[in-house]
Structure formats: structure tokens, C-alpha cells
$ cat model.pdb   # PDB, C-alpha atoms
ATOM      1  CA  MET A   1      30.360 -46.803  26.296
ATOM      2  CA  GLU A   2      27.880 -48.863  28.263
ATOM      3  CA  TYR A   3      25.936 -49.584  25.048
ATOM      4  CA  ILE A   4      29.083 -50.692  23.264
ATOM      5  CA  LEU A   5      30.001 -53.147  26.010
ATOM      6  CA  GLN A   6      26.553 -54.728  26.058
ATOM      7  CA  PRO A   7      25.509 -57.165  23.305
ATOM      8  CA  TRP A   8      24.418 -55.241  20.215
ATOM      9  CA  PRO A   9      20.786 -55.526  19.083
ATOM     10  CA  TRP A  10      20.005 -57.002  15.660
ATOM     11  CA  TYR A  11      18.951 -53.647  14.186
ATOM     12  CA  VAL A  12      22.426 -52.262  14.868
ATOM     13  CA  SER A  13      24.406 -55.366  13.900
ATOM     14  CA  GLY A  14      22.590 -56.159  10.631
ATOM     15  CA  PRO A  15      23.110 -52.725   9.015
ATOM     16  CA  LEU A  16      26.778 -52.744  10.159
ATOM     17  CA  ILE A  17      27.278 -56.092   8.377
ATOM     18  CA  ALA A  18      25.747 -54.516   5.254
ATOM     19  CA  LEU A  19      28.302 -51.716   5.664
ATOM     20  CA  VAL A  20      31.130 -54.294   5.557
ATOM     21  CA  MET A  21      29.732 -55.689   2.316
ATOM     22  CA  LEU A  22      29.269 -52.229   0.768
ATOM     23  CA  ALA A  23      32.779 -51.139   1.820
ATOM     24  CA  LEU A  24      34.286 -54.170   0.066
ATOM     25  CA  ILE A  25      32.238 -53.413  -3.069
ATOM     26  CA  TYR A  26      33.537 -49.842  -2.946
ATOM     27  CA  PHE A  27      37.071 -51.246  -2.658
ATOM     28  CA  GLY A  28      36.420 -53.137  -5.906
ATOM     29  CA  LYS A  29      35.965 -56.559  -4.241
ATOM     30  CA  THR A  30      33.064 -58.672  -3.049
ATOM     31  CA  PHE A  31      32.218 -59.990   0.394
ATOM     32  CA  GLY A  32      32.774 -63.753   0.541
ATOM     33  CA  MET A  33      34.520 -65.519   3.382
ATOM     34  CA  SER A  34      34.445 -69.131   2.170
ATOM     35  CA  GLY A  35      36.634 -68.348  -0.864
ATOM     36  CA  ASN A  36      39.544 -68.056   1.549
ATOM     37  CA  LEU A  37      39.379 -71.785   2.201
ATOM     38  CA  ARG A  38      40.260 -72.416  -1.438
ATOM     39  CA  THR A  39      43.169 -69.957  -1.207
ATOM     40  CA  LEU A  40      44.413 -71.681   1.962
ATOM     41  CA  CYS A  41      44.243 -75.065   0.169
ATOM     42  CA  THR A  42      46.314 -73.666  -2.707
ATOM     43  CA  LEU A  43      48.855 -72.228  -0.263
ATOM     44  CA  GLY A  44      49.023 -75.702   1.279
ATOM     45  CA  GLY A  45      49.922 -77.232  -2.092
ATOM     46  CA  ALA A  46      46.497 -78.446  -3.272
ATOM     47  CA  ASP A  47      47.239 -77.154  -6.783
ATOM     48  CA  ARG A  48      49.414 -80.219  -7.312
ATOM     49  CA  PHE A  49      46.332 -82.433  -7.010
ATOM     50  CA  ALA A  50      43.482 -80.610  -8.754
ATOM     51  CA  SER A  51      43.245 -77.862 -11.372
ATOM     52  CA  PHE A  52      40.544 -76.186  -9.237
ATOM     53  CA  PHE A  53      43.355 -74.937  -7.014
ATOM     54  CA  LYS A  54      45.505 -73.588  -9.874
ATOM     55  CA  PHE A  55      44.724 -69.880  -9.778
ATOM     56  CA  ASP A  56      46.463 -66.643  -8.998
ATOM     57  CA  TRP A  57      46.334 -66.830  -5.205
ATOM     58  CA  LYS A  58      48.145 -63.519  -4.900
ATOM     59  CA  ALA A  59      45.017 -61.818  -6.271
ATOM     60  CA  GLU A  60      43.182 -63.170  -3.217
ATOM     61  CA  LEU A  61      45.606 -61.878  -0.597
ATOM     62  CA  TRP A  62      43.265 -58.946   0.122
ATOM     63  CA  ASN A  63      40.663 -61.467   1.344
ATOM     64  CA  LEU A  64      43.168 -63.242   3.611
ATOM     65  CA  THR A  65      43.920 -59.783   4.999
ATOM     66  CA  VAL A  66      40.220 -59.445   5.857
ATOM     67  CA  VAL A  67      40.485 -62.828   7.608
ATOM     68  CA  LEU A  68      43.479 -61.659   9.624
ATOM     69  CA  GLY A  69      41.522 -58.557  10.597
ATOM     70  CA  ALA A  70      38.517 -60.689  11.577
ATOM     71  CA  VAL A  71      40.710 -62.711  13.951
ATOM     72  CA  ILE A  72      42.037 -59.498  15.500
ATOM     73  CA  GLY A  73      38.480 -58.119  15.674
ATOM     74  CA  GLY A  74      37.337 -61.220  17.547
ATOM     75  CA  PHE A  75      40.159 -60.737  20.042
ATOM     76  CA  ILE A  76      39.382 -57.033  20.548
ATOM     77  CA  ALA A  77      35.638 -57.638  20.950
ATOM     78  CA  VAL A  78      36.090 -60.266  23.659
ATOM     79  CA  HIS A  79      38.939 -58.612  25.593
ATOM     80  CA  TYR A  80      38.087 -54.910  25.364
ATOM     81  CA  LEU A  81      34.464 -54.507  24.278
ATOM     82  CA  SER A  82      32.541 -57.005  26.401
ATOM     83  CA  ASP A  83      30.947 -56.832  29.823
ATOM     84  CA  GLY A  84      30.623 -60.595  30.117
ATOM     85  CA  SER A  85      26.864 -60.624  29.473
ATOM     86  CA  VAL A  86      25.238 -64.016  29.156
ATOM     87  CA  ILE A  87      23.589 -64.613  25.756
ATOM     88  CA  ASP A  88      19.916 -63.843  26.185
ATOM     89  CA  LEU A  89      18.551 -67.037  24.615
ATOM     90  CA  ASN A  90      14.910 -68.071  24.546
ATOM     91  CA  PRO A  91      14.325 -70.055  27.799
ATOM     92  CA  THR A  92      12.797 -72.840  25.671
ATOM     93  CA  THR A  93      16.075 -73.085  23.737
ATOM     94  CA  VAL A  94      17.994 -73.366  27.007
ATOM     95  CA  GLU A  95      15.643 -76.127  28.194
ATOM     96  CA  ASP A  96      15.802 -78.013  24.874
ATOM     97  CA  LEU A  97      19.593 -77.882  24.923
ATOM     98  CA  ASN A  98      19.661 -79.045  28.513
ATOM     99  CA  SER A  99      17.706 -82.150  27.560
ATOM    100  CA  LEU A 100      20.280 -82.810  24.804
ATOM    101  CA  GLY A 101      23.080 -82.628  27.385
ATOM    102  CA  PHE A 102      24.170 -79.001  26.912
ATOM    103  CA  GLU A 103      24.308 -77.255  30.279
ATOM    104  CA  ASN A 104      24.382 -73.487  30.963
ATOM    105  CA  ALA A 105      23.464 -72.621  27.369
ATOM    106  CA  GLY A 106      24.458 -69.043  26.602
ATOM    107  CA  ALA A 107      27.062 -68.634  29.338
ATOM    108  CA  SER A 108      29.753 -68.604  26.645
ATOM    109  CA  LEU A 109      29.777 -68.119  22.854
ATOM    110  CA  LEU A 110      30.295 -71.834  22.196
ATOM    111  CA  PRO A 111      29.229 -74.934  24.132
ATOM    112  CA  PRO A 112      32.100 -76.431  26.150
ATOM    113  CA  GLU A 113      30.416 -79.800  25.452
ATOM    114  CA  LEU A 114      31.724 -79.436  21.875
ATOM    115  CA  TYR A 115      34.671 -77.058  22.034
ATOM    116  CA  ASP A 116      36.509 -77.732  25.314
ATOM    117  CA  TRP A 117      39.626 -79.837  24.743
ATOM    118  CA  SER A 118      38.275 -82.553  27.050
ATOM    119  CA  SER A 119      35.363 -82.981  24.603
ATOM    120  CA  VAL A 120      37.374 -82.362  21.448
ATOM    121  CA  LEU A 121      39.882 -85.073  22.245
ATOM    122  CA  THR A 122      37.335 -87.885  22.155
ATOM    123  CA  PRO A 123      36.608 -89.803  18.914
ATOM    124  CA  LYS A 124      33.048 -88.440  18.837
ATOM    125  CA  GLY A 125      34.057 -84.861  19.651
ATOM    126  CA  LEU A 126      36.803 -84.868  17.032
ATOM    127  CA  LEU A 127      34.457 -86.294  14.412
ATOM    128  CA  ILE A 128      31.829 -83.613  15.112
ATOM    129  CA  LEU A 129      34.249 -80.697  14.698
ATOM    130  CA  ILE A 130      36.190 -82.025  11.714
ATOM    131  CA  GLY A 131      33.038 -83.476  10.128
ATOM    132  CA  GLY A 132      31.086 -80.254  10.664
ATOM    133  CA  GLY A 133      33.937 -78.271   9.147
ATOM    134  CA  PHE A 134      34.202 -80.717   6.239
ATOM    135  CA  LEU A 135      30.502 -80.252   5.382
ATOM    136  CA  VAL A 136      30.897 -76.460   5.577
ATOM    137  CA  GLY A 137      33.976 -76.481   3.329
ATOM    138  CA  PHE A 138      32.559 -78.921   0.783
ATOM    139  CA  GLY A 139      29.090 -77.352   0.745
ATOM    140  CA  THR A 140      30.199 -73.735   0.396
ATOM    141  CA  ARG A 141      32.517 -74.469  -2.486
ATOM    142  CA  TYR A 142      29.883 -76.588  -4.233
ATOM    143  CA  ALA A 143      27.292 -73.841  -3.703
ATOM    144  CA  GLY A 144      29.843 -71.160  -4.610
ATOM    145  CA  GLY A 145      29.435 -69.170  -1.406
ATOM    146  CA  CYS A 146      28.341 -69.120   2.215
ATOM    147  CA  THR A 147      26.343 -66.783   4.400
ATOM    148  CA  SER A 148      28.368 -63.729   3.351
ATOM    149  CA  GLY A 149      28.524 -64.469  -0.381
ATOM    150  CA  HIS A 150      24.991 -65.777  -0.877
ATOM    151  CA  ALA A 151      22.735 -64.691   1.990
ATOM    152  CA  ILE A 152      24.137 -61.154   2.325
ATOM    153  CA  THR A 153      25.801 -60.218  -0.990
ATOM    154  CA  GLY A 154      23.716 -62.349  -3.371
ATOM    155  CA  LEU A 155      20.344 -61.460  -1.889
ATOM    156  CA  SER A 156      21.294 -57.761  -1.642
ATOM    157  CA  ASN A 157      22.003 -57.919  -5.371
ATOM    158  CA  LEU A 158      18.683 -59.767  -5.941
ATOM    159  CA  GLN A 159      20.371 -62.802  -7.508
ATOM    160  CA  TRP A 160      17.994 -65.767  -7.555
ATOM    161  CA  PRO A 161      20.762 -68.440  -7.400
ATOM    162  CA  SER A 162      21.581 -67.068  -3.951
ATOM    163  CA  LEU A 163      17.982 -67.516  -2.850
ATOM    164  CA  VAL A 164      18.162 -71.179  -3.943
ATOM    165  CA  ALA A 165      21.396 -71.543  -1.962
ATOM    166  CA  VAL A 166      19.862 -69.947   1.159
ATOM    167  CA  ILE A 167      16.862 -72.303   0.893
ATOM    168  CA  GLY A 168      19.440 -75.110   0.807
ATOM    169  CA  PHE A 169      21.186 -73.696   3.918
ATOM    170  CA  PHE A 170      17.884 -73.976   5.768
ATOM    171  CA  ILE A 171      17.002 -77.450   4.470
ATOM    172  CA  GLY A 172      20.378 -78.677   5.752
ATOM    173  CA  GLY A 173      20.275 -76.734   9.002
ATOM    174  CA  LEU A 174      16.735 -77.743   9.893
ATOM    175  CA  PHE A 175      17.448 -81.399   9.085
ATOM    176  CA  MET A 176      20.539 -81.330  11.285
ATOM    177  CA  VAL A 177      18.910 -79.657  14.279
ATOM    178  CA  HIS A 178      15.541 -81.421  14.182
ATOM    179  CA  ILE A 179      16.352 -84.908  12.874
ATOM    180  CA  LEU A 180      20.064 -85.544  13.459
ATOM    181  CA  TYR A 181      20.667 -83.753  16.791
ATOM    182  CA  PRO A 182      18.500 -86.184  18.795
ATOM    183  CA  LEU A 183      20.454 -89.046  17.183
ATOM    184  CA  ILE A 184      23.887 -87.477  17.743
ATOM    185  CA  PHE A 185      23.358 -85.961  21.194
ATOM    186  CA  GLY A 186      20.333 -87.864  22.551
ATOM    187  CA  ALA A 187      20.918 -90.414  25.277
TER     188      ALA A 187
ATOM    189  CA  MET B   1      49.360 -49.409   2.629
ATOM    190  CA  LYS B   2      46.671 -50.616   0.226
ATOM    191  CA  SER B   3      45.976 -53.632   2.392
ATOM    192  CA  LEU B   4      45.388 -51.596   5.554
ATOM    193  CA  LYS B   5      41.787 -50.882   4.553
ATOM    194  CA  PHE B   6      41.123 -54.609   4.218
ATOM    195  CA  LEU B   7      42.629 -55.249   7.625
ATOM    196  CA  LEU B   8      40.396 -52.542   9.127
ATOM    197  CA  VAL B   9      37.271 -53.912   7.407
ATOM    198  CA  GLY B  10      38.156 -57.340   8.805
ATOM    199  CA  ILE B  11      38.638 -55.996  12.340
ATOM    200  CA  PHE B  12      35.293 -54.177  12.128
ATOM    201  CA  PHE B  13      33.606 -57.330  10.787
ATOM    202  CA  GLY B  14      35.063 -59.435  13.605
ATOM    203  CA  ILE B  15      33.897 -56.994  16.285
ATOM    204  CA  VAL B  16      30.369 -56.715  14.829
ATOM    205  CA  LEU B  17      29.937 -60.469  14.568
ATOM    206  CA  VAL B  18      31.023 -61.057  18.174
ATOM    207  CA  LYS B  19      28.964 -58.173  19.577
ATOM    208  CA  SER B  20      25.878 -59.317  17.627
ATOM    209  CA  GLU B  21      26.389 -62.866  19.005
ATOM    210  CA  ALA B  22      26.091 -64.149  15.407
ATOM    211  CA  VAL B  23      29.275 -66.154  16.063
ATOM    212  CA  SER B  24      27.532 -68.083  18.828
ATOM    213  CA  TRP B  25      26.723 -71.756  18.258
ATOM    214  CA  TYR B  26      23.733 -71.238  20.582
ATOM    215  CA  ARG B  27      22.287 -68.464  18.413
ATOM    216  CA  ILE B  28      22.514 -70.684  15.308
ATOM    217  CA  TYR B  29      20.735 -73.510  17.124
ATOM    218  CA  GLU B  30      18.043 -71.097  18.336
ATOM    219  CA  MET B  31      17.620 -69.787  14.781
ATOM    220  CA  PHE B  32      17.077 -73.270  13.337
ATOM    221  CA  GLN B  33      14.542 -73.889  16.123
ATOM    222  CA  PHE B  34      12.695 -70.667  15.157
ATOM    223  CA  GLN B  35      12.812 -69.696  18.832
ATOM    224  CA  SER B  36      14.170 -66.176  18.416
ATOM    225  CA  PHE B  37      13.941 -63.334  15.940
ATOM    226  CA  HIS B  38      17.523 -62.257  16.683
ATOM    227  CA  MET B  39      19.382 -63.973  13.804
ATOM    228  CA  TYR B  40      16.566 -63.314  11.335
ATOM    229  CA  GLY B  41      16.650 -59.647  12.349
ATOM    230  CA  ILE B  42      20.422 -59.479  11.763
ATOM    231  CA  ILE B  43      20.339 -61.200   8.373
ATOM    232  CA  GLY B  44      17.109 -59.467   7.318
ATOM    233  CA  SER B  45      18.247 -55.945   8.211
ATOM    234  CA  ALA B  46      21.664 -56.593   6.611
ATOM    235  CA  ILE B  47      19.915 -57.581   3.374
ATOM    236  CA  ALA B  48      17.493 -54.627   3.547
ATOM    237  CA  VAL B  49      20.331 -52.109   3.948
ATOM    238  CA  GLY B  50      22.359 -54.104   1.411
ATOM    239  CA  ILE B  51      19.620 -53.931  -1.240
ATOM    240  CA  LEU B  52      19.339 -50.184  -0.746
ATOM    241  CA  GLY B  53      23.118 -49.691  -0.839
ATOM    242  CA  VAL B  54      23.677 -51.837  -3.928
ATOM    243  CA  TRP B  55      20.792 -50.059  -5.688
ATOM    244  CA  LEU B  56      22.282 -46.656  -4.857
ATOM    245  CA  ILE B  57      25.744 -47.745  -6.020
ATOM    246  CA  LYS B  58      24.343 -48.949  -9.347
ATOM    247  CA  ARG B  59      22.097 -45.923  -9.810
ATOM    248  CA  SER B  60      24.820 -43.399  -9.106
ATOM    249  CA  HIS B  61      27.374 -45.291 -11.259
ATOM    250  CA  LEU B  62      29.763 -44.969  -8.330
ATOM    251  CA  LYS B  63      33.373 -45.769  -9.170
ATOM    252  CA  SER B  64      35.414 -47.961  -6.864
ATOM    253  CA  VAL B  65      38.215 -46.487  -4.773
ATOM    254  CA  ASP B  66      40.744 -47.110  -7.572
ATOM    255  CA  GLY B  67      38.533 -45.563 -10.253
ATOM    256  CA  GLN B  68      37.149 -48.793 -11.741
ATOM    257  CA  ALA B  69      33.491 -49.300 -12.644
ATOM    258  CA  ILE B  70      31.798 -51.302  -9.900
ATOM    259  CA  ASP B  71      30.641 -54.700 -10.991
ATOM    260  CA  ILE B  72      29.142 -57.392  -8.783
ATOM    261  CA  PRO B  73      29.719 -60.632 -10.669
ATOM    262  CA  PRO B  74      26.522 -62.568 -11.453
ATOM    263  CA  LYS B  75      26.213 -66.157 -10.226
ATOM    264  CA  ASP B  76      26.002 -69.094 -12.658
ATOM    265  CA  LYS B  77      22.465 -70.202 -13.412
ATOM    266  CA  SER B  78      21.876 -73.594 -11.837
ATOM    267  CA  ILE B  79      19.544 -75.263  -9.380
ATOM    268  CA  PRO B  80      21.245 -78.515  -8.279
ATOM    269  CA  ARG B  81      24.515 -76.823  -7.484
ATOM    270  CA  TYR B  82      22.982 -74.273  -5.100
ATOM    271  CA  LEU B  83      20.391 -76.575  -3.598
ATOM    272  CA  LEU B  84      22.741 -79.539  -2.975
ATOM    273  CA  GLY B  85      25.759 -77.451  -2.029
ATOM    274  CA  GLY B  86      23.614 -75.211   0.144
ATOM    275  CA  THR B  87      22.056 -78.179   1.940
ATOM    276  CA  ILE B  88      25.458 -79.740   2.660
ATOM    277  CA  PHE B  89      26.703 -76.409   3.984
ATOM    278  CA  GLY B  90      23.573 -76.057   6.135
ATOM    279  CA  LEU B  91      24.225 -79.442   7.756
ATOM    280  CA  GLY B  92      27.730 -78.384   8.713
ATOM    281  CA  TRP B  93      26.687 -74.881   9.779
ATOM    282  CA  ALA B  94      24.114 -76.262  12.208
ATOM    283  CA  LEU B  95      26.520 -78.904  13.557
ATOM    284  CA  ALA B  96      29.674 -76.853  14.083
ATOM    285  CA  GLY B  97      27.614 -73.705  14.692
ATOM    286  CA  ALA B  98      30.007 -71.615  12.633
ATOM    287  CA  CYS B  99      30.149 -70.554   9.008
ATOM    288  CA  PRO B 100      33.420 -69.503   7.324
ATOM    289  CA  GLY B 101      33.500 -65.926   8.717
ATOM    290  CA  PRO B 102      32.848 -66.794  12.369
ATOM    291  CA  MET B 103      35.342 -69.701  12.196
ATOM    292  CA  TYR B 104      38.241 -67.264  11.952
ATOM    293  CA  ILE B 105      36.699 -64.739  14.330
ATOM    294  CA  LEU B 106      36.202 -67.401  17.012
ATOM    295  CA  VAL B 107      39.882 -68.331  16.841
ATOM    296  CA  GLY B 108      40.525 -64.684  17.703
ATOM    297  CA  THR B 109      38.192 -64.921  20.692
ATOM    298  CA  GLY B 110      40.504 -67.616  22.021
ATOM    299  CA  VAL B 111      38.727 -70.831  21.004
ATOM    300  CA  LEU B 112      41.713 -72.659  19.546
ATOM    301  CA  SER B 113      39.762 -75.894  19.030
ATOM    302  CA  MET B 114      38.011 -74.001  16.218
ATOM    303  CA  LEU B 115      41.213 -74.577  14.241
ATOM    304  CA  LEU B 116      40.069 -78.195  13.879
ATOM    305  CA  VAL B 117      36.841 -76.997  12.238
ATOM    306  CA  ILE B 118      38.946 -74.872   9.881
ATOM    307  CA  VAL B 119      41.123 -77.887   9.060
ATOM    308  CA  GLY B 120      37.919 -79.844   8.383
ATOM    309  CA  ALA B 121      36.642 -77.044   6.155
ATOM    310  CA  MET B 122      39.909 -77.010   4.203
ATOM    311  CA  LEU B 123      39.667 -80.796   3.755
ATOM    312  CA  GLY B 124      36.077 -80.400   2.542
ATOM    313  CA  THR B 125      37.126 -77.692   0.082
ATOM    314  CA  PHE B 126      40.005 -79.884  -1.095
ATOM    315  CA  PHE B 127      37.686 -82.858  -1.570
ATOM    316  CA  TYR B 128      35.306 -80.679  -3.607
ATOM    317  CA  GLY B 129      38.235 -79.623  -5.818
ATOM    318  CA  LEU B 130      39.102 -83.289  -6.416
ATOM    319  CA  ILE B 131      35.629 -84.483  -7.386
ATOM    320  CA  LYS B 132      33.945 -81.349  -8.725
ATOM    321  CA  ASP B 133      33.857 -82.559 -12.346
ATOM    322  CA  ASN B 134      31.785 -85.553 -11.262
ATOM    323  CA  LEU B 135      29.137 -83.478  -9.496
ATOM    324  CA  PRO B 136      25.979 -82.026 -11.081
ATOM    325  CA  HIS B 137      26.443 -78.270 -11.477
TER     326      HIS B 137
END

$ encode --input "model.pdb" --output "C-alpha cells"
Amino acid sequence: MEYILQPWPWYVSGPLIALVMLALIYFGKTFGMSGNLRTLCTLGGADRFASFFKFDWKAELWNLTVVLGAVIGGFIAVHYLSDGSVIDLNPTTVEDLNSLGFENAGASLLPPELYDWSSVLTPKGLLILIGGGFLVGFGTRYAGGCTSGHAITGLSNLQWPSLVAVIGFFIGGLFMVHILYPLIFGA
Amino acid sequence: MKSLKFLLVGIFFGIVLVKSEAVSWYRIYEMFQFQSFHMYGIIGSAIAVGILGVWLIKRSHLKSVDGQAIDIPPKDKSIPRYLLGGTIFGLGWALAGACPGPMYILVGTGVLSMLLVIVGAMLGTFFYGLIKDNLPH
């Protein structure tokens, strides 16, 4: 039980994520979380504005069920399967973040400097969260998948388009963290 | 209860992603700084086991749970679509620190402000649907 309550090492977590993907393949589906955003748009009435959202959303209900499970899983993991361990980040990362204005890096899953309501309800904080989400939603649909669909499923199936997409993920991520972070969060 | 198995897979997925810390904004930042092997180990070992599993499924001609032939749909052949779309996604992933799976999971962990990121992601998806015919694919 002690091992379950502690953070899980990468060599346990990675294979378990592969198991999720393989289970969904066995169930006749594929692992892809970003597709749900399109389904949610259609449920919200987006099909009245663009043909992209005119599709049989009922055929995607299985994937929304996975989403519902993921929310429940997040709740269970935090409330019943955690010992409150601090995230064991590289001390250099903690120092770097401190100089960008993020204190106590790793004490929680997400930085309160971005996700606490006192930060969210400022023009800058709101723009970061909605803007970050916007880029994720636009980019994944344009690229036809996210980490689950491309990095895990696509690369496991040795599909080269997924490798191109993952290279793109890193171009964007590296540019954000190395070039834009000092501009957004620097003094 | 055909949907129960999907609910259980989702619960398992949510637990694994929290326990692996892959849902943590800090871990994503650390990954893009190349300051830890943790995230690379998770993604790398998932792909290694995934390659083996997919190969075994194809080799054994395994049927899906409802007796259908298993088929993993190929992706369209294109460079600009994956490179541009991927780069835009990467910018957002590194900023919000969450990709579409963790977004939902983090709501479950009690971070309700994550709902704003989800609203942003839905707006981004909607905007893509509006202008997709004008983008290079």
C-alpha cells in the first residue's frame, strides 16, 4: 500500500498508460483525448456554424465516458491514493521557477500563481488560461491529435505523421518555455 | 453495461496520470527544460510497451471485444498540418501545463479553474472548425 500512496516511478506509469491505449484498441476504439473537445463543441451547438461539427456525436459517447472516468480517477487519486508527497523536481527547475516568480514549485500539482482564483481573476491570469487552452484546442484539432493520439498511439503504431506532430509539440513547447516565459513572467 | 468498461478505463487513466505526476504543470516545464528524465521515461516506456502490444495484436490477428477485426486508422499524409498544428498545440501545452487528458483529470483533483482552460480549448477547437478550409493541410 505504501508504494501505491507514493508517487509512481516512470517505469510503472509509462507501461500502464500503454495498457490504457491497448485496452481501448481491444474495445474497438482508439486512444485520443482531444477528439472530445470537438464532441463537446457539437453538443454546445457548434454544428450550426461549421460543417466540421456535423457528425454523429452519439458514436463518440464512449470517449466522453472515458473523460467522465478520468475526472473520477483524478478525484480518487488525490483523495484516497496520495500521501501528500511533494513533487521531486530537479532543484535547478525549482530555482529557475523561483526567479520567474513561482514559489514552492512542486508543493502542489499546479502553480497557485496561475490556477488560484486570485490569479485567475486578473486580466493577465485569465488570458493565460483561456489563451493556453485556445492554443491546445486549435493546435490539436489542426494536428489531428494530442499527446494520447499522436505521441502514444501514433508512435506505437509507427506512423510517421505522428512523429512530425510530436516534433511540432516540442518546437512549440521549447519556444514557449525558453523564449516566451521570460517575456510573460519575467519582471 | 457496455459503457462501464470505458468508465473503468477512464478511472484507471485518471489515477495513473495523477500518480505519475504527468498532470503536473511543473513536470511539463521541467521536461521542456530537459532537467529531468521523468516525463521522457513515462512517454518513452509507454511507446515501447505500446509498440510491442500493437505488434502482437496485429501479428495474432486479435479480434476486438465485439468480434470485429482490429484496425488502427492511418493518419493522413501531410507535413504542414502536423508541424503547424503540433507547434501551436506545444505552445499551449507548455503555457497551461495541461494537454486534453490532464485537463479533465485535474478538474477531478479539485482544480476548478481548469474549467477555464477547457472552455479555451473548446473555443480553439470551434475556431479551427470555422477556418479549417483556409488552412494548409

$ resolve_selection --input "model.pdb" --expression "the PyMOL selection byres ((chain B and resi 92) around 8)" --output "ChimeraX atom specification"
/A:131-136,172-173 /B:88-91,93-97

$ axis_aligned_box --input "model.pdb" --around "stretch 29-43 of chain B" --padding-each-side "3 Å" --output "JSON"
{"center_x": 16.7, "center_y": -66.7, "center_z": 13.6, "size_x": 14.0, "size_y": 20.4, "size_z": 16.5}

$ interface_residues --input "model.pdb" --of "chain A" --to "chain B" --cutoff "6 Å" --atoms "all atoms listed in the file" --output "NGL selection string"
:A and (7-8 or 10 or 13-15 or 17-18 or 26-28 or 33-34 or 37 or 50 or 52 or 65-66 or 69-75 or 77-78 or 109-110 or 129-130 or 132-140 or 142-143 or 152 or 156 or 164-165 or 168-169 or 171-174 or 176)

$ atom_distance --input "model.pdb" --atom1 "atom CA of A:Asn157" --atom2 "atom CA of A:Val12"
21.0 Å

$ atom_distance --input "model.pdb" --atom1 "atom CA of B:His61" --atom2 "atom CA of A:Gly154"
19.1 Å

$ atom_distance --input "model.pdb" --atom1 "atom CA of A:Ala105" --atom2 "atom CA of A:Leu180"
19.3 Å
